[in-house]
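S.K.: See start-v8.cif below, with mmCIF, N, CA and C atoms.
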data_query
loop_
_atom_site.label_atom_id
_atom_site.label_comp_id
_atom_site.auth_asym_id
_atom_site.auth_seq_id
_atom_site.Cartn_x
_atom_site.Cartn_y
_atom_site.Cartn_z
N GLY Y 1 98.45 -17.25 158.65
CA GLY Y 1 99.05 -15.94 158.65
C GLY Y 1 99.76 -15.66 157.34
N VAL Y 2 100.19 -14.43 157.23
CA VAL Y 2 100.91 -13.98 156.03
C VAL Y 2 102.39 -14.27 156.19
N ASP Y 3 102.98 -14.87 155.18
CA ASP Y 3 104.41 -15.13 155.20
C ASP Y 3 105.16 -13.85 154.85
N VAL Y 4 106.05 -13.43 155.74
CA VAL Y 4 106.87 -12.25 155.49
C VAL Y 4 108.13 -12.72 154.76
N PRO Y 5 108.46 -12.09 153.62
CA PRO Y 5 109.67 -12.49 152.89
C PRO Y 5 110.91 -12.45 153.79
N ILE Y 6 111.83 -13.36 153.55
CA ILE Y 6 113.04 -13.48 154.38
C ILE Y 6 113.83 -12.18 154.44
N ASN Y 7 113.93 -11.44 153.32
CA ASN Y 7 114.66 -10.17 153.33
C ASN Y 7 113.99 -9.17 154.27
N ASP Y 8 112.66 -9.16 154.27
CA ASP Y 8 111.93 -8.25 155.17
C ASP Y 8 112.11 -8.67 156.62
N GLN Y 9 112.09 -9.99 156.87
CA GLN Y 9 112.32 -10.49 158.23
C GLN Y 9 113.70 -10.06 158.72
N LEU Y 10 114.69 -10.18 157.84
CA LEU Y 10 116.05 -9.78 158.20
C LEU Y 10 116.13 -8.29 158.50
N PHE Y 11 115.49 -7.47 157.67
CA PHE Y 11 115.50 -6.02 157.91
C PHE Y 11 114.83 -5.69 159.24
N ILE Y 12 113.70 -6.32 159.53
CA ILE Y 12 112.99 -6.08 160.79
C ILE Y 12 113.86 -6.48 161.98
N THR Y 13 114.51 -7.63 161.89
CA THR Y 13 115.38 -8.10 162.97
C THR Y 13 116.56 -7.16 163.16
N GLN Y 14 117.20 -6.74 162.06
CA GLN Y 14 118.33 -5.80 162.16
C GLN Y 14 117.88 -4.49 162.80
N THR Y 15 116.71 -4.01 162.42
CA THR Y 15 116.17 -2.77 162.98
C THR Y 15 115.99 -2.90 164.48
N GLU Y 16 115.40 -4.01 164.92
CA GLU Y 16 115.19 -4.24 166.36
C GLU Y 16 116.52 -4.31 167.10
N ILE Y 17 117.51 -4.97 166.52
CA ILE Y 17 118.83 -5.09 167.15
C ILE Y 17 119.49 -3.72 167.27
N MET Y 18 119.44 -2.92 166.20
CA MET Y 18 120.05 -1.58 166.24
C MET Y 18 119.39 -0.72 167.31
N LYS Y 19 118.06 -0.71 167.32
CA LYS Y 19 117.34 0.13 168.28
C LYS Y 19 117.61 -0.32 169.71
N SER Y 20 117.73 -1.61 169.92
CA SER Y 20 118.04 -2.13 171.25
C SER Y 20 119.48 -1.79 171.65
N ALA Y 21 120.41 -1.93 170.72
CA ALA Y 21 121.83 -1.68 171.01
C ALA Y 21 122.08 -0.24 171.40
N VAL Y 22 121.42 0.72 170.74
CA VAL Y 22 121.68 2.13 171.08
C VAL Y 22 121.14 2.49 172.45
N GLU Y 23 120.20 1.71 172.95
CA GLU Y 23 119.71 1.94 174.32
C GLU Y 23 120.74 1.50 175.35
N GLU Y 24 121.63 0.60 174.95
CA GLU Y 24 122.67 0.09 175.85
C GLU Y 24 123.89 1.00 175.90
N GLY Y 25 124.11 1.81 174.87
CA GLY Y 25 125.27 2.69 174.85
C GLY Y 25 125.67 3.04 173.43
N SER Y 26 126.86 3.62 173.30
CA SER Y 26 127.35 4.05 171.98
C SER Y 26 127.56 2.86 171.06
N CYS Y 27 127.26 3.05 169.80
CA CYS Y 27 127.39 1.99 168.79
C CYS Y 27 127.87 2.58 167.48
N VAL Y 28 128.46 1.74 166.67
CA VAL Y 28 128.80 2.10 165.30
C VAL Y 28 128.17 1.03 164.41
N PHE Y 29 127.35 1.48 163.47
CA PHE Y 29 126.74 0.57 162.50
C PHE Y 29 127.24 0.95 161.12
N ILE Y 30 127.61 -0.04 160.36
CA ILE Y 30 128.06 0.19 158.99
C ILE Y 30 126.99 -0.36 158.06
N GLY Y 31 126.34 0.55 157.35
CA GLY Y 31 125.29 0.15 156.43
C GLY Y 31 124.00 -0.20 157.15
N ARG Y 32 123.28 -1.13 156.59
CA ARG Y 32 122.02 -1.63 157.13
C ARG Y 32 120.95 -0.56 157.30
N CYS Y 33 121.06 0.54 156.55
CA CYS Y 33 120.10 1.65 156.61
C CYS Y 33 120.04 2.28 158.00
N ALA Y 34 121.13 2.21 158.73
CA ALA Y 34 121.16 2.71 160.11
C ALA Y 34 120.82 4.19 160.19
N ASP Y 35 121.23 4.97 159.19
CA ASP Y 35 120.90 6.40 159.20
C ASP Y 35 119.39 6.60 159.22
N TYR Y 36 118.68 5.74 158.53
CA TYR Y 36 117.22 5.83 158.46
C TYR Y 36 116.57 5.22 159.70
N VAL Y 37 117.01 4.03 160.06
CA VAL Y 37 116.43 3.32 161.20
C VAL Y 37 116.54 4.15 162.48
N LEU Y 38 117.67 4.83 162.65
CA LEU Y 38 117.92 5.59 163.88
C LEU Y 38 117.74 7.09 163.68
N ARG Y 39 117.01 7.48 162.64
CA ARG Y 39 116.89 8.90 162.28
C ARG Y 39 116.33 9.78 163.39
N ASN Y 40 115.57 9.21 164.31
CA ASN Y 40 114.99 10.02 165.39
C ASN Y 40 115.79 9.94 166.69
N HIS Y 41 116.90 9.22 166.68
CA HIS Y 41 117.71 9.12 167.90
C HIS Y 41 118.48 10.42 168.10
N PRO Y 42 118.40 11.01 169.29
CA PRO Y 42 119.00 12.33 169.51
C PRO Y 42 120.52 12.38 169.42
N ALA Y 43 121.20 11.28 169.63
CA ALA Y 43 122.67 11.30 169.61
C ALA Y 43 123.24 10.62 168.36
N ARG Y 44 122.43 10.50 167.33
CA ARG Y 44 122.85 9.83 166.10
C ARG Y 44 123.72 10.76 165.26
N ILE Y 45 124.78 10.22 164.73
CA ILE Y 45 125.60 10.91 163.74
C ILE Y 45 125.69 9.98 162.53
N SER Y 46 125.18 10.43 161.41
CA SER Y 46 125.20 9.61 160.20
C SER Y 46 126.30 10.09 159.27
N VAL Y 47 127.10 9.15 158.79
CA VAL Y 47 128.22 9.47 157.92
C VAL Y 47 128.13 8.61 156.67
N PHE Y 48 128.35 9.24 155.53
CA PHE Y 48 128.44 8.52 154.26
C PHE Y 48 129.88 8.63 153.78
N ILE Y 49 130.52 7.48 153.62
CA ILE Y 49 131.91 7.47 153.15
C ILE Y 49 131.91 6.97 151.70
N TYR Y 50 132.56 7.73 150.86
CA TYR Y 50 132.61 7.39 149.44
C TYR Y 50 134.04 7.56 148.96
N ALA Y 51 134.29 7.14 147.73
CA ALA Y 51 135.61 7.31 147.12
C ALA Y 51 135.42 7.35 145.61
N ASP Y 52 136.39 7.94 144.93
CA ASP Y 52 136.29 7.94 143.47
C ASP Y 52 136.49 6.51 142.96
N LYS Y 53 136.03 6.29 141.75
CA LYS Y 53 136.00 4.94 141.18
C LYS Y 53 137.39 4.29 141.14
N GLU Y 54 138.41 5.04 140.73
CA GLU Y 54 139.76 4.47 140.63
C GLU Y 54 140.28 4.03 142.00
N ALA Y 55 140.04 4.83 143.01
CA ALA Y 55 140.49 4.46 144.37
C ALA Y 55 139.76 3.20 144.84
N ARG Y 56 138.49 3.11 144.53
CA ARG Y 56 137.71 1.93 144.92
C ARG Y 56 138.22 0.69 144.20
N ILE Y 57 138.49 0.82 142.92
CA ILE Y 57 139.00 -0.31 142.14
C ILE Y 57 140.33 -0.79 142.73
N HIS Y 58 141.23 0.15 142.99
CA HIS Y 58 142.54 -0.19 143.56
C HIS Y 58 142.38 -0.90 144.90
N ARG Y 59 141.52 -0.37 145.77
CA ARG Y 59 141.33 -0.96 147.10
C ARG Y 59 140.77 -2.38 147.00
N VAL Y 60 139.81 -2.59 146.11
CA VAL Y 60 139.21 -3.92 145.96
C VAL Y 60 140.23 -4.91 145.38
N CYS Y 61 141.01 -4.48 144.40
CA CYS Y 61 142.06 -5.34 143.84
C CYS Y 61 143.04 -5.77 144.92
N GLU Y 62 143.49 -4.81 145.73
CA GLU Y 62 144.45 -5.09 146.80
C GLU Y 62 143.85 -6.01 147.86
N ARG Y 63 142.66 -5.68 148.31
CA ARG Y 63 142.03 -6.41 149.41
C ARG Y 63 141.71 -7.85 149.02
N HIS Y 64 141.23 -8.06 147.80
CA HIS Y 64 140.76 -9.38 147.39
C HIS Y 64 141.72 -10.11 146.46
N GLY Y 65 142.80 -9.45 146.06
CA GLY Y 65 143.77 -10.09 145.17
C GLY Y 65 143.15 -10.49 143.84
N ILE Y 66 142.35 -9.58 143.28
CA ILE Y 66 141.66 -9.88 142.02
C ILE Y 66 142.07 -8.88 140.94
N SER Y 67 141.69 -9.19 139.71
CA SER Y 67 142.03 -8.32 138.58
C SER Y 67 141.18 -7.05 138.59
N ARG Y 68 141.60 -6.09 137.80
CA ARG Y 68 140.86 -4.83 137.67
C ARG Y 68 139.43 -5.08 137.18
N ASP Y 69 139.28 -5.93 136.15
CA ASP Y 69 137.95 -6.23 135.61
C ASP Y 69 137.06 -6.89 136.66
N GLU Y 70 137.64 -7.82 137.42
CA GLU Y 70 136.87 -8.47 138.49
C GLU Y 70 136.47 -7.46 139.56
N ALA Y 71 137.38 -6.55 139.87
CA ALA Y 71 137.08 -5.52 140.88
C ALA Y 71 135.95 -4.61 140.41
N ILE Y 72 136.01 -4.20 139.15
CA ILE Y 72 134.96 -3.34 138.60
C ILE Y 72 133.61 -4.05 138.66
N ASP Y 73 133.60 -5.32 138.29
CA ASP Y 73 132.37 -6.10 138.33
C ASP Y 73 131.84 -6.21 139.76
N MET Y 74 132.73 -6.48 140.71
CA MET Y 74 132.34 -6.59 142.11
C MET Y 74 131.77 -5.26 142.63
N ILE Y 75 132.42 -4.17 142.32
CA ILE Y 75 131.97 -2.85 142.76
C ILE Y 75 130.60 -2.54 142.17
N ASN Y 76 130.43 -2.78 140.88
CA ASN Y 76 129.14 -2.50 140.23
C ASN Y 76 128.01 -3.32 140.84
N LYS Y 77 128.27 -4.60 141.08
CA LYS Y 77 127.24 -5.47 141.69
C LYS Y 77 126.92 -5.01 143.11
N ASN Y 78 127.96 -4.72 143.90
CA ASN Y 78 127.74 -4.27 145.28
C ASN Y 78 126.99 -2.95 145.32
N ASP Y 79 127.37 -2.02 144.46
CA ASP Y 79 126.67 -0.73 144.43
C ASP Y 79 125.21 -0.89 144.06
N LYS Y 80 124.94 -1.72 143.06
CA LYS Y 80 123.55 -1.95 142.65
C LYS Y 80 122.75 -2.55 143.81
N SER Y 81 123.33 -3.50 144.49
CA SER Y 81 122.68 -4.14 145.63
C SER Y 81 122.42 -3.13 146.74
N ARG Y 82 123.42 -2.31 147.05
CA ARG Y 82 123.27 -1.29 148.10
C ARG Y 82 122.17 -0.29 147.75
N VAL Y 83 122.20 0.19 146.52
CA VAL Y 83 121.20 1.17 146.07
C VAL Y 83 119.80 0.58 146.20
N ASN Y 84 119.61 -0.63 145.67
CA ASN Y 84 118.29 -1.26 145.71
C ASN Y 84 117.82 -1.49 147.14
N TYR Y 85 118.69 -2.00 147.99
CA TYR Y 85 118.35 -2.28 149.38
C TYR Y 85 117.97 -1.00 150.11
N TYR Y 86 118.83 0.00 150.03
CA TYR Y 86 118.61 1.26 150.74
C TYR Y 86 117.34 1.95 150.25
N ASN Y 87 117.21 2.08 148.94
CA ASN Y 87 116.05 2.77 148.38
C ASN Y 87 114.75 2.05 148.71
N PHE Y 88 114.76 0.72 148.67
CA PHE Y 88 113.57 -0.07 148.96
C PHE Y 88 113.12 0.09 150.41
N TYR Y 89 114.05 -0.05 151.35
CA TYR Y 89 113.68 -0.04 152.77
C TYR Y 89 113.53 1.35 153.37
N THR Y 90 114.05 2.36 152.72
CA THR Y 90 113.96 3.71 153.30
C THR Y 90 113.08 4.66 152.49
N GLY Y 91 112.89 4.38 151.22
CA GLY Y 91 112.18 5.32 150.36
C GLY Y 91 113.03 6.55 150.04
N ARG Y 92 114.31 6.47 150.39
CA ARG Y 92 115.26 7.55 150.13
C ARG Y 92 116.23 7.12 149.04
N LYS Y 93 117.07 8.06 148.63
CA LYS Y 93 118.09 7.77 147.62
C LYS Y 93 119.44 7.53 148.31
N TRP Y 94 120.02 6.36 148.08
CA TRP Y 94 121.31 6.00 148.67
C TRP Y 94 122.38 6.98 148.22
N GLY Y 95 123.18 7.46 149.17
CA GLY Y 95 124.29 8.36 148.86
C GLY Y 95 123.92 9.82 148.76
N LYS Y 96 122.64 10.14 148.86
CA LYS Y 96 122.22 11.54 148.77
C LYS Y 96 122.71 12.27 150.02
N PHE Y 97 123.48 13.34 149.81
CA PHE Y 97 124.19 13.97 150.93
C PHE Y 97 123.29 14.44 152.06
N ASP Y 98 122.08 14.87 151.78
CA ASP Y 98 121.26 15.40 152.87
C ASP Y 98 120.60 14.31 153.72
N ASN Y 99 120.88 13.04 153.45
CA ASN Y 99 120.45 11.96 154.34
C ASN Y 99 121.45 11.75 155.48
N TYR Y 100 122.56 12.46 155.44
CA TYR Y 100 123.66 12.22 156.38
C TYR Y 100 124.11 13.54 157.00
N HIS Y 101 124.70 13.45 158.18
CA HIS Y 101 125.29 14.63 158.81
C HIS Y 101 126.60 14.99 158.14
N LEU Y 102 127.31 13.98 157.66
CA LEU Y 102 128.67 14.16 157.18
C LEU Y 102 128.93 13.20 156.02
N SER Y 103 129.56 13.69 154.97
CA SER Y 103 130.00 12.84 153.86
C SER Y 103 131.50 13.03 153.70
N LEU Y 104 132.22 11.91 153.63
CA LEU Y 104 133.68 11.97 153.57
C LEU Y 104 134.20 11.19 152.37
N ASP Y 105 135.19 11.75 151.70
CA ASP Y 105 135.82 11.12 150.55
C ASP Y 105 137.07 10.37 151.03
N SER Y 106 136.96 9.04 151.11
CA SER Y 106 138.09 8.26 151.61
C SER Y 106 139.25 8.21 150.62
N SER Y 107 139.00 8.54 149.35
CA SER Y 107 140.11 8.59 148.39
C SER Y 107 140.97 9.82 148.65
N LEU Y 108 140.41 10.82 149.30
CA LEU Y 108 141.15 12.02 149.67
C LEU Y 108 141.74 11.90 151.07
N LEU Y 109 140.93 11.40 152.01
CA LEU Y 109 141.32 11.38 153.43
C LEU Y 109 141.96 10.07 153.88
N GLY Y 110 141.74 8.99 153.15
CA GLY Y 110 142.19 7.68 153.60
C GLY Y 110 141.25 7.13 154.67
N ILE Y 111 141.37 5.86 154.94
CA ILE Y 111 140.51 5.21 155.94
C ILE Y 111 140.78 5.80 157.32
N GLU Y 112 142.05 5.90 157.69
CA GLU Y 112 142.41 6.44 159.01
C GLU Y 112 141.97 7.89 159.15
N GLY Y 113 142.14 8.67 158.09
CA GLY Y 113 141.71 10.07 158.12
C GLY Y 113 140.21 10.19 158.33
N CYS Y 114 139.45 9.34 157.65
CA CYS Y 114 137.99 9.35 157.83
C CYS Y 114 137.64 8.97 159.27
N ALA Y 115 138.28 7.94 159.79
CA ALA Y 115 138.00 7.51 161.16
C ALA Y 115 138.30 8.64 162.15
N LYS Y 116 139.41 9.34 161.96
CA LYS Y 116 139.77 10.45 162.85
C LYS Y 116 138.74 11.58 162.76
N MET Y 117 138.33 11.91 161.54
CA MET Y 117 137.33 12.98 161.38
C MET Y 117 136.01 12.61 162.03
N ILE Y 118 135.59 11.37 161.87
CA ILE Y 118 134.33 10.93 162.48
C ILE Y 118 134.44 11.01 164.00
N ALA Y 119 135.55 10.56 164.55
CA ALA Y 119 135.75 10.62 166.00
C ALA Y 119 135.75 12.06 166.49
N ASP Y 120 136.41 12.96 165.75
CA ASP Y 120 136.44 14.37 166.13
C ASP Y 120 135.06 15.00 166.07
N VAL Y 121 134.31 14.71 165.02
CA VAL Y 121 132.95 15.25 164.89
C VAL Y 121 132.06 14.70 166.01
N ALA Y 122 132.18 13.42 166.30
CA ALA Y 122 131.38 12.82 167.37
C ALA Y 122 131.68 13.48 168.71
N LYS Y 123 132.95 13.73 168.98
CA LYS Y 123 133.34 14.36 170.23
C LYS Y 123 132.70 15.75 170.35
N ILE Y 124 132.75 16.52 169.29
CA ILE Y 124 132.16 17.87 169.29
C ILE Y 124 130.64 17.77 169.41
N TYR Y 125 130.02 16.96 168.56
CA TYR Y 125 128.56 16.86 168.50
C TYR Y 125 127.98 16.35 169.81
N LEU Y 126 128.58 15.33 170.38
CA LEU Y 126 128.04 14.74 171.59
C LEU Y 126 128.28 15.59 172.83
N SER Y 127 129.17 16.59 172.73
CA SER Y 127 129.41 17.48 173.87
C SER Y 127 128.46 18.67 173.86
N GLU Y 128 127.76 18.90 172.75
CA GLU Y 128 126.85 20.04 172.66
C GLU Y 128 125.54 19.76 173.38
N THR Y 129 124.94 20.82 173.88
CA THR Y 129 123.63 20.71 174.50
C THR Y 129 122.57 20.64 173.41
N PRO Y 130 121.37 20.16 173.72
CA PRO Y 130 120.30 20.13 172.70
C PRO Y 130 120.03 21.51 172.11
N GLU Y 131 120.14 22.57 172.91
CA GLU Y 131 119.90 23.92 172.42
C GLU Y 131 120.95 24.32 171.38
N GLU Y 132 122.21 23.96 171.62
CA GLU Y 132 123.28 24.29 170.68
C GLU Y 132 123.09 23.56 169.35
N LYS Y 133 122.52 22.36 169.40
CA LYS Y 133 122.31 21.58 168.18
C LYS Y 133 121.21 22.16 167.30
N GLN Y 134 120.35 22.99 167.87
CA GLN Y 134 119.23 23.57 167.12
C GLN Y 134 119.68 24.67 166.18
N ILE Y 135 120.87 25.20 166.40
CA ILE Y 135 121.34 26.35 165.61
C ILE Y 135 121.63 25.95 164.19
#
Please express the file's structure as structure tokens.
M.R.:
Amino acid sequence: GVDVPINDQLFITQTEIMKSAVEEGSCVFIGRCADYVLRNHPARISVFIYADKEARIHRVCERHGISRDEAIDMINKNDKSRVNYYNFYTGRKWGKFDNYHLSLDSSLLGIEGCAKMIADVAKIYLSETPEEKQI
């Protein structure tokens, strides 16, 4: 047989787990191309959370106790990895606003503010009928 690369095996397994989990009930997935994997699920809400570079640098320095230069390096490496992973497995552009229902700036809203907005949007969206969602 054909050997499937380990990264592809992981993506396939994650996809199966996500699709199975949403059949069991409400879920929150962070990353893993969930917006794409679950794009046809009727109750899916996709959110892209971003922040300006300075806010990201500050958060990484605080969280990991590292220098500004180390934080910048970490952010750049992580972003490159995310972009490559997302673009490869979805054929879409990572961070492009029209891939998501909602995009939130955590440097403006904060983590708690983003969480509250997502919860509020989910409450509204999930209470609408399919006909209301077509508008």
S.K.: Give me the residues within 6 Å of stretch 101-118 of chain Y as a list in words, counting all atoms listed in the file and dropping any in the same chain fewer than 5 places off.
M.R.: Ile45, Ser46, Val47, Phe48, Ile49, Tyr50, Ala51, Asp52, Ala55 and Lys123 of chain Y
S.K.: Within 8 Å of stretch 10-19 of chain Y, counting all atoms listed in the file, which residues show up once you throw out same-chain ones fewer than 5 positions away? Write them as a list in words, please.
M.R.: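 My reading of the contact set: Val4, Pro5, Glu24, Phe29, Arg32, Ala34, Val37 and Leu38 of chain Y.
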S.K.: Give me every helix (DSSP H, G or I) residue in chain Y, going by DSSP on the backbone, as an MDAnalysis selection string.
M.R.: chainID Y and resid 6:24 34:37 53:64 68:90 97:99 106:127 130:133
S.K.: What's the separation between atom N of Y:Asp35 and atom C of Y:Val2, in Å to one decimal place?
M.R.: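 These atoms are spaced 27.1 Å apart.
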S.K.: Run DSSP on the backbone of this structure and report the residues of stretch 82-118 of chain Y it assigns to strand (DSSP E or B), as JSON, numbers by chain.
M.R.: {"Y": [102, 103, 104, 105]}
S.K.: Pick the closest to Y:Ala43 from Y:Glu23, Y:Phe97, Y:Thr90, Y:Arg59: which is it, counting only C-alpha atoms?
M.R.: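 Comparing Y:Glu23, Y:Phe97, Y:Thr90, Y:Arg59 against Y:Ala43, the winner is Y:Glu23.
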S.K.: Can you tell me how far atom C of Y:Asn78 sits from atom N of Y:Cys27, in Å to one decimal?
M.R.: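 We find that atom C of Y:Asn78 and atom N of Y:Cys27 lie 25.2 Å from each other.
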S.K.: Between atom C of Y:Ser26 and atom N of Y:Ile124, measure the distance and give it in Å to one decimal.
M.R.: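 These atoms are spaced 14.7 Å apart.
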S.K.: If you count only C-alpha atoms, which residues fall within 9 Å of Y:Val83, apart from same-chain ones fewer than 6 positions away, as a list in words?
M.R.: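 Neighbouring residues, sequence-local ones excluded: Lys93, Trp94 and Gly95 of chain Y.
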S.K.: Do a neighbour search on stretch 69-75 of chain Y at 10 Å with only C-alpha atoms, toss out local chain neighbours closer than 4 positions, and write the hits as a list in words.
M.R.: Lys53, Glu54, Arg56, Ile57, His58, Arg59, Val60, Cys61, Glu62, Arg63, His64, Gly65, Asp79, Lys80 and Ser81 of chain Y
